[in-house]
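Next comes coords-v9.csv, with CSV, C-alpha atoms and all ligand atoms.
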```
chain,number,residue,atom,x,y,z
A,21,MET,CA,100.0,125.6,99.8
A,22,LYS,CA,99.5,122.2,101.5
A,23,TYR,CA,96.2,121.1,103.0
A,24,ILE,CA,95.8,118.2,105.3
A,25,ILE,CA,92.5,116.6,106.4
A,26,GLU,CA,92.6,114.5,109.5
A,27,HIS,CA,90.0,111.9,108.7
A,28,MET,CA,87.9,111.5,111.9
A,29,GLU,CA,84.7,109.8,110.5
A,30,GLN,CA,84.1,106.1,110.1
A,31,GLY,CA,84.7,105.2,106.5
A,32,PHE,CA,83.4,107.4,103.6
A,33,SER,CA,79.8,108.4,103.5
A,34,GLU,CA,78.5,109.7,100.2
A,35,TRP,CA,78.5,113.2,101.8
A,36,VAL,CA,82.2,112.9,102.7
A,37,ALA,CA,83.2,111.5,99.3
A,38,LEU,CA,81.5,114.5,97.5
A,39,GLU,CA,83.2,117.0,99.8
A,40,TYR,CA,86.7,115.4,99.4
A,41,ALA,CA,86.2,115.2,95.6
A,42,GLN,CA,85.4,118.9,95.5
A,43,ILE,CA,88.4,119.8,97.6
A,44,ILE,CA,90.6,117.9,95.2
A,45,ARG,CA,89.1,119.9,92.3
A,46,ASP,CA,89.7,123.2,94.3
A,47,VAL,CA,93.2,122.7,95.6
A,48,GLY,CA,94.6,120.0,93.3
A,49,ALA,CA,95.4,116.4,94.2
A,50,SER,CA,99.1,117.1,94.9
A,51,ASN,CA,98.2,119.7,97.5
A,52,LEU,CA,95.9,117.6,99.6
A,53,ILE,CA,96.7,114.8,102.0
A,54,LEU,CA,94.1,112.7,103.9
A,55,SER,CA,95.8,111.4,107.1
A,56,SER,CA,94.9,109.1,109.9
A,57,LEU,CA,92.8,106.7,107.9
A,58,PRO,CA,92.1,103.5,110.0
A,59,GLU,CA,95.0,101.0,110.2
A,60,GLY,CA,94.6,98.4,107.5
A,61,THR,CA,92.8,100.7,105.1
A,62,GLU,CA,93.4,99.5,101.5
A,63,GLU,CA,92.9,101.3,98.2
A,64,SER,CA,89.7,99.3,97.7
A,65,ASP,CA,88.3,100.9,100.8
A,66,ILE,CA,88.6,104.4,99.3
A,67,PRO,CA,85.8,105.6,97.0
A,68,GLU,CA,86.8,104.9,93.4
A,69,ALA,CA,86.1,108.4,92.2
A,70,LEU,CA,88.7,109.8,94.8
A,71,VAL,CA,91.3,107.2,93.8
A,72,ARG,CA,90.7,108.2,90.1
A,73,MET,CA,91.2,111.9,91.0
A,74,GLY,CA,94.6,111.0,92.6
A,75,LEU,CA,93.7,111.4,96.3
A,76,GLN,CA,96.9,111.1,98.4
A,77,TRP,CA,96.0,109.2,101.6
A,78,THR,CA,97.7,107.5,104.5
A,79,THR,CA,96.9,105.6,107.7
A,80,LYS,CA,99.8,107.5,109.3
A,81,PRO,CA,98.8,110.2,111.8
A,82,LEU,CA,99.5,113.8,111.0
A,83,VAL,CA,102.9,113.9,112.7
A,84,ASP,CA,104.2,111.0,110.6
A,85,ILE,CA,102.9,112.0,107.2
A,86,HIS,CA,106.4,112.5,105.8
A,87,GLU,CA,107.0,108.7,106.3
A,88,ALA,CA,104.3,108.1,103.7
A,89,PHE,CA,105.3,111.1,101.6
A,90,PRO,CA,109.0,111.6,102.0
A,91,ASP,CA,109.2,114.6,99.6
A,92,LEU,CA,106.9,116.7,101.9
A,93,PRO,CA,108.5,119.1,104.3
A,94,LYS,CA,108.6,117.9,107.9
A,95,LEU,CA,105.9,119.3,110.2
A,96,ARG,CA,107.6,121.8,112.4
A,97,GLU,CA,106.1,123.0,115.7
A,98,LYS,CA,104.1,126.2,115.4
A,99,ARG,CA,104.3,126.0,111.5
A,100,VAL,CA,101.1,123.9,111.3
A,101,CYS,CA,97.8,125.8,111.4
A,102,LEU,CA,94.7,124.0,112.6
A,103,LEU,CA,91.5,125.6,111.3
A,104,ASP,CA,89.4,125.6,114.4
A,105,PRO,CA,85.9,127.1,114.9
A,106,ARG,CA,87.0,127.8,118.5
A,107,GLY,CA,90.3,129.4,117.6
A,108,LYS,CA,91.0,132.8,119.3
A,109,GLU,CA,92.0,134.7,116.2
A,110,ASP,CA,90.7,134.7,112.6
A,111,LEU,CA,93.0,133.6,109.8
A,112,LYS,CA,94.7,136.5,107.9
A,113,PRO,CA,96.4,136.8,104.5
A,114,GLN,CA,99.8,137.2,106.2
A,115,ASP,CA,99.4,133.7,107.7
A,116,ALA,CA,100.3,132.3,104.3
A,117,TYR,CA,103.9,133.0,105.4
A,118,GLU,CA,103.6,131.7,108.9
A,119,TYR,CA,102.5,128.2,108.2
A,120,ASP,CA,103.6,125.3,106.0
A,121,TYR,CA,100.4,123.3,106.4
A,122,PHE,CA,96.8,124.0,107.0
A,123,VAL,CA,95.0,121.2,108.8
A,124,PHE,CA,91.2,120.5,109.0
A,125,GLY,CA,89.1,118.0,110.9
A,126,GLY,CA,87.6,115.5,108.4
A,127,ILE,CA,84.4,115.7,110.5
A,128,LEU,CA,80.8,115.9,109.3
A,129,GLY,CA,79.0,119.0,110.3
A,130,ASP,CA,76.7,118.5,113.3
A,131,HIS,CA,74.1,120.7,114.9
A,132,PRO,CA,74.8,121.9,117.5
A,133,PRO,CA,78.5,121.5,116.8
A,134,ARG,CA,80.2,119.0,119.1
A,135,ASP,CA,83.7,120.6,118.9
A,136,ARG,CA,85.5,117.5,117.9
A,137,THR,CA,88.2,119.6,116.2
A,138,ASN,CA,89.5,120.2,119.7
A,139,GLU,CA,90.5,116.5,119.9
A,140,LEU,CA,93.4,117.3,117.5
A,141,TYR,CA,95.2,119.5,120.1
A,142,ARG,CA,95.2,116.5,122.5
A,143,ALA,CA,96.4,114.1,119.7
A,144,TYR,CA,99.2,116.4,118.7
A,145,PRO,CA,100.3,118.5,121.7
A,146,ASP,CA,102.5,121.6,120.9
A,147,LEU,CA,102.3,121.1,117.1
A,148,LEU,CA,99.2,123.1,116.2
A,149,VAL,CA,98.3,126.7,116.2
A,150,GLY,CA,94.5,127.2,116.0
A,151,LYS,CA,93.0,129.9,113.8
A,152,ARG,CA,89.3,130.6,113.2
A,153,LEU,CA,87.3,131.4,110.1
A,154,GLY,CA,84.6,133.3,111.9
A,155,ALA,CA,82.4,131.8,114.6
A,156,LYS,CA,79.9,129.9,112.4
A,157,GLN,CA,80.4,126.3,111.5
A,158,MET,CA,81.4,125.6,107.9
A,159,THR,CA,81.5,122.3,106.0
A,160,THR,CA,85.1,121.0,105.5
A,161,ASP,CA,85.1,121.9,101.8
A,162,THR,CA,83.8,125.5,102.7
A,163,ALA,CA,86.5,125.8,105.4
A,164,ILE,CA,89.2,124.8,102.8
A,165,ARG,CA,87.7,127.1,100.2
A,166,THR,CA,87.8,130.0,102.6
A,167,THR,CA,91.3,129.3,103.7
A,168,GLN,CA,92.4,129.2,100.1
A,169,LEU,CA,90.8,132.6,99.4
A,170,ILE,CA,92.6,134.0,102.4
A,171,VAL,CA,96.1,132.5,102.1
A,172,GLU,CA,96.3,132.1,98.3
A,173,ARG,CA,94.1,134.9,97.0
A,174,GLN,CA,95.1,137.1,99.9
A,175,LEU,CA,91.5,138.2,100.6
A,176,GLU,CA,90.6,139.5,104.1
A,177,PHE,CA,88.0,137.3,105.8
A,178,GLU,CA,85.7,140.3,106.0
A,179,ASN,CA,85.8,140.7,102.2
A,180,ILE,CA,84.6,137.2,101.5
A,181,LYS,CA,80.8,136.9,100.7
A,182,PHE,CA,79.1,134.2,102.7
A,183,ILE,CA,75.6,133.0,103.3
A,184,ASP,CA,74.5,131.4,106.6
A,185,TYR,CA,72.0,128.6,106.9
A,186,PRO,CA,70.7,128.7,103.3
A,187,GLU,CA,67.5,127.0,102.5
A,188,PHE,CA,67.4,124.8,99.4
A,189,ARG,CA,64.0,124.5,97.9
A,190,PHE,CA,63.2,121.5,95.7
A,191,SER,CA,59.5,122.1,95.2
A,192,LYS,CA,56.6,124.1,96.7
A,193,SER,CA,56.4,121.7,99.6
A,194,GLU,CA,60.0,120.5,99.9
A,195,ALA,CA,62.9,122.6,101.3
A,196,THR,CA,65.9,121.9,103.5
A,197,GLU,CA,67.8,124.4,105.6
A,198,MET,CA,71.5,123.6,106.0
A,199,PRO,CA,72.9,124.7,109.4
A,200,PHE,CA,76.3,125.8,108.0
A,201,ARG,CA,78.0,128.9,106.5
A,202,TYR,CA,78.8,128.7,102.7
A,203,VAL,CA,80.9,130.9,100.4
A,204,LEU,CA,78.8,132.7,97.7
A,205,ASP,CA,79.7,132.5,94.0
A,206,ASP,CA,79.6,135.5,91.7
A,207,GLN,CA,75.9,135.0,91.2
A,208,ASN,CA,75.3,135.0,95.0
A,209,ARG,CA,74.6,131.3,95.1
A,210,PRO,CA,76.1,129.1,97.9
A,211,ILE,CA,79.0,127.0,96.6
A,212,LEU,CA,78.4,123.3,97.2
A,213,PRO,CA,80.4,120.3,96.1
A,214,ASP,CA,79.2,118.9,92.7
A,215,GLY,CA,76.4,116.4,93.3
A,216,MET,CA,75.7,117.7,96.9
A,217,LEU,CA,72.3,119.3,96.0
A,218,ASP,CA,71.0,116.0,94.7
A,219,LEU,CA,72.3,114.2,97.8
A,220,ILE,CA,70.6,116.8,100.1
A,221,LYS,CA,67.3,116.3,98.1
A,222,LYS,CA,67.6,112.5,98.3
A,223,ASP,CA,68.3,112.6,102.1
A,224,SER,CA,65.4,114.9,102.7
A,225,GLU,CA,63.0,112.7,100.7
A,226,GLN,CA,64.2,109.7,102.7
A,227,SER,CA,63.6,111.4,106.0
A,228,LEU,CA,60.1,112.4,104.8
A,229,ASP,CA,59.5,108.8,103.9
A,230,GLY,CA,60.5,107.8,107.4
A,231,LEU,CA,57.8,110.1,108.8
A,232,LEU,CA,55.0,108.6,106.6
B,301,LIG,C1,82.1,120.5,109.7
B,301,LIG,S1,83.5,121.2,110.5
B,301,LIG,C2,83.4,120.3,112.0
B,301,LIG,C3,83.0,121.2,113.1
B,301,LIG,C4,82.5,120.4,114.2
B,301,LIG,N1,81.1,120.2,114.4
B,301,LIG,C5,83.4,120.0,115.3
B,301,LIG,O1,83.0,119.0,115.9
B,301,LIG,O2,84.5,120.6,115.5
B,301,LIG,C6,84.9,120.4,109.8
B,301,LIG,C7,86.2,121.2,109.9
B,301,LIG,O3,86.1,122.4,109.1
B,301,LIG,C8,86.9,123.4,109.8
B,301,LIG,N2,86.0,124.5,110.1
B,301,LIG,C9,84.6,124.5,110.0
B,301,LIG,N3,84.2,125.7,110.4
B,301,LIG,C10,85.2,126.5,110.8
B,301,LIG,C11,85.4,127.8,111.4
B,301,LIG,N4,84.4,128.6,111.6
B,301,LIG,N5,86.7,128.2,111.7
B,301,LIG,C12,87.7,127.4,111.5
B,301,LIG,N6,87.6,126.1,111.0
B,301,LIG,C13,86.4,125.7,110.7
B,301,LIG,C14,87.6,122.7,111.0
B,301,LIG,O4,88.9,122.3,110.6
B,301,LIG,C15,86.6,121.6,111.3
B,301,LIG,O5,87.3,120.5,111.9
```
For this file, write the structure as structure tokens.
Ligand SMILES: C[S@@+](CC[C@H](N)C(=O)[O-])C[C@H]1O[C@@H](n2cnc3c(N)ncnc32)[C@H](O)[C@@H]1O
Amino acid sequence: MKYIIEHMEQGFSEWVALEYAQIIRDVGASNLILSSLPEGTEESDIPEALVRMGLQWTTKPLVDIHEAFPDLPKLREKRVCLLDPRGKEDLKPQDAYEYDYFVFGGILGDHPPRDRTNELYRAYPDLLVGKRLGAKQMTTDTAIRTTQLIVERQLEFENIKFIDYPEFRFSKSEATEMPFRYVLDDQNRPILPDGMLDLIKKDSEQSLDGLL
């Protein structure tokens, strides 16, 4: 299965780099393409860890990715699924046979969500079919993990175990609630990218410092 992330943020924050690294671990570098990086992006602009992991990236927009990766199948109308929190129907296991590509907005989660995923329909009219993964906002890596469970492991959305808005407690007085939905692992812990818990802790300490 091929997964495309349309990069829609400025550069690579630490958060984005950790998410993308986890997605490469989950789907394999050869199955992920990061498209629409700003014109003029060079390898030195990409976080080193992602380059080392074999990230495939291009400044080409989604519709032209085969120019950068000629071995990939062309994007055909209605065979490209956009995972969209405002989609009318939820993704189903049978969708594995309906689509060649699954596309995600490379957008940081925001609260309340600003619905920037929607901009992709305007950028690529007629190409994309929107499908939802439930109504709650997920991080990009969670959305890809959930899609993978549905189209590769053939699990129904209803049979995937999630947690909404988990609280991560770092000490008696320090805790952060994340306003997203996460997949649970077999020990009922939310799955986060490697290193993300440390980053959440660091960010929460910094915002506390700002208040002092
Ligand atoms: C952090 S979300 C961004 C949501 C966002 N606040 C927006 O402006 O659209 C990043 C990407 O994950 C995917 N995603 C997240 N939650 C989803 C859901 N419930 N259903 C379908 N796709 C979802 C979408 O592709 C979305 O562009």
Interatomic distance, atom CA of His131 of chain A to atom CA of Glu178 of chain A (Å, one decimal):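 Calculated distance between atom CA of His131 of chain A and atom CA of Glu178 of chain A is 24.5 Å.
Remark: for ligand LIG 301 (chain B), the closest of the candidate residues A:Leu217, A:Ala49, A:Ala69, A:Cys101 is A:Cys101 (distances computed over only C-alpha atoms and all ligand atoms).
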Here is a test: counting only C-alpha atoms and all ligand atoms, which residue of A:Lys221, A:Lys98, A:Arg209, A:Arg106 is nearest to ligand LIG 301 (chain B)? A:Arg106
Name the residues in contact with His27 of chain A at a cut-off of 8 Å, using only C-alpha atoms, excluding same-chain residues fewer than 6 positions from it; report them as a PyMOL selection string. chain A and resi 54-57+125-127
Work out how far apart atom CA of Tyr144 of chain A and atom CA of Phe124 of chain A are and give it in Å to one decimal. 13.2 Å
Rank nothing, just name the residue among A:Ala155, A:Val100, A:Ala41, A:Val149 nearest to Gln76 of chain A, using all atoms listed in the file.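 Using all atoms listed in the file, Gln76 of chain A sits closest to A:Ala41.
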Just how far from atom O5 of ligand LIG 301 (chain B) is atom CA of Phe188 of chain A, in Å to one decimal? 23.9 Å
Can you tell me which residues come within 7 Å of ligand LIG 301 (chain B) when counting only C-alpha atoms and all ligand atoms, ideally as a PyMOL selection string? chain A and resi 102-107+123-130+133-138+151-160+163
Closest of A:Leu95, A:Ala143, A:Ile44, A:Ala88 to Glu26 of chain A - atom-to-atom distances counting all atoms listed in the file: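 For Glu26 of chain A, the nearest of the given residues is A:Ala143.
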Counting only C-alpha atoms, which of A:Leu204, A:Met73, A:Met198, A:Leu219 gets nearest to Ile180 of chain A?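 Closest to Ile180 of chain A, using only C-alpha atoms: A:Leu204.
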Polymer residues at most 12 Å from Arg189 of chain A, only C-alpha atoms, same-chain spacing of 4 or more positions, as a VMD selection string: chain A and resid 193 to 198 217 to 218 220 to 221 224
Taking (100.8, 105.7, 111.7) in the file's coordinates, which residues come within 8 Å, counting only C-alpha atoms, written as a VMD selection string? chain A and resid 56 59 79 to 81 84
Residue contacts of Ile43 of chain A (7 Å, only C-alpha atoms) excluding same-chain residues fewer than 4 positions away, as a PyMOL selection string: chain A and resi 39+47+161
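Among A:Leu82, A:Leu147, A:Leu70, A:Leu75, the residue with the shortest atom-to-atom distance to Arg96 of chain A, counting only C-alpha atoms, is A:Leu147.
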Give me, as a PDB file with C-alpha atoms, keeping the file's coordinate frame, all polymer residues having an atom no more than 10 Å from Phe122 of chain A, counting only C-alpha atoms and skipping those fewer than 6 positions away in the same chain.
```pdb
ATOM      1  CA  MET A  21     100.000 125.600  99.800  1.00  0.00           C
ATOM      2  CA  LYS A  22      99.500 122.200 101.500  1.00  0.00           C
ATOM      3  CA  TYR A  23      96.200 121.100 103.000  1.00  0.00           C
ATOM      4  CA  ILE A  24      95.800 118.200 105.300  1.00  0.00           C
ATOM      5  CA  ILE A  25      92.500 116.600 106.400  1.00  0.00           C
ATOM      6  CA  LEU A  52      95.900 117.600  99.600  1.00  0.00           C
ATOM      7  CA  ARG A  99     104.300 126.000 111.500  1.00  0.00           C
ATOM      8  CA  VAL A 100     101.100 123.900 111.300  1.00  0.00           C
ATOM      9  CA  CYS A 101      97.800 125.800 111.400  1.00  0.00           C
ATOM     10  CA  LEU A 102      94.700 124.000 112.600  1.00  0.00           C
ATOM     11  CA  LEU A 103      91.500 125.600 111.300  1.00  0.00           C
ATOM     12  CA  ALA A 116     100.300 132.300 104.300  1.00  0.00           C
ATOM     13  CA  LEU A 148      99.200 123.100 116.200  1.00  0.00           C
ATOM     14  CA  VAL A 149      98.300 126.700 116.200  1.00  0.00           C
ATOM     15  CA  GLY A 150      94.500 127.200 116.000  1.00  0.00           C
ATOM     16  CA  LYS A 151      93.000 129.900 113.800  1.00  0.00           C
ATOM     17  CA  ILE A 164      89.200 124.800 102.800  1.00  0.00           C
ATOM     18  CA  THR A 167      91.300 129.300 103.700  1.00  0.00           C
ATOM     19  CA  GLN A 168      92.400 129.200 100.100  1.00  0.00           C
ATOM     20  CA  VAL A 171      96.100 132.500 102.100  1.00  0.00           C
TER      21      VAL A 171
END
```
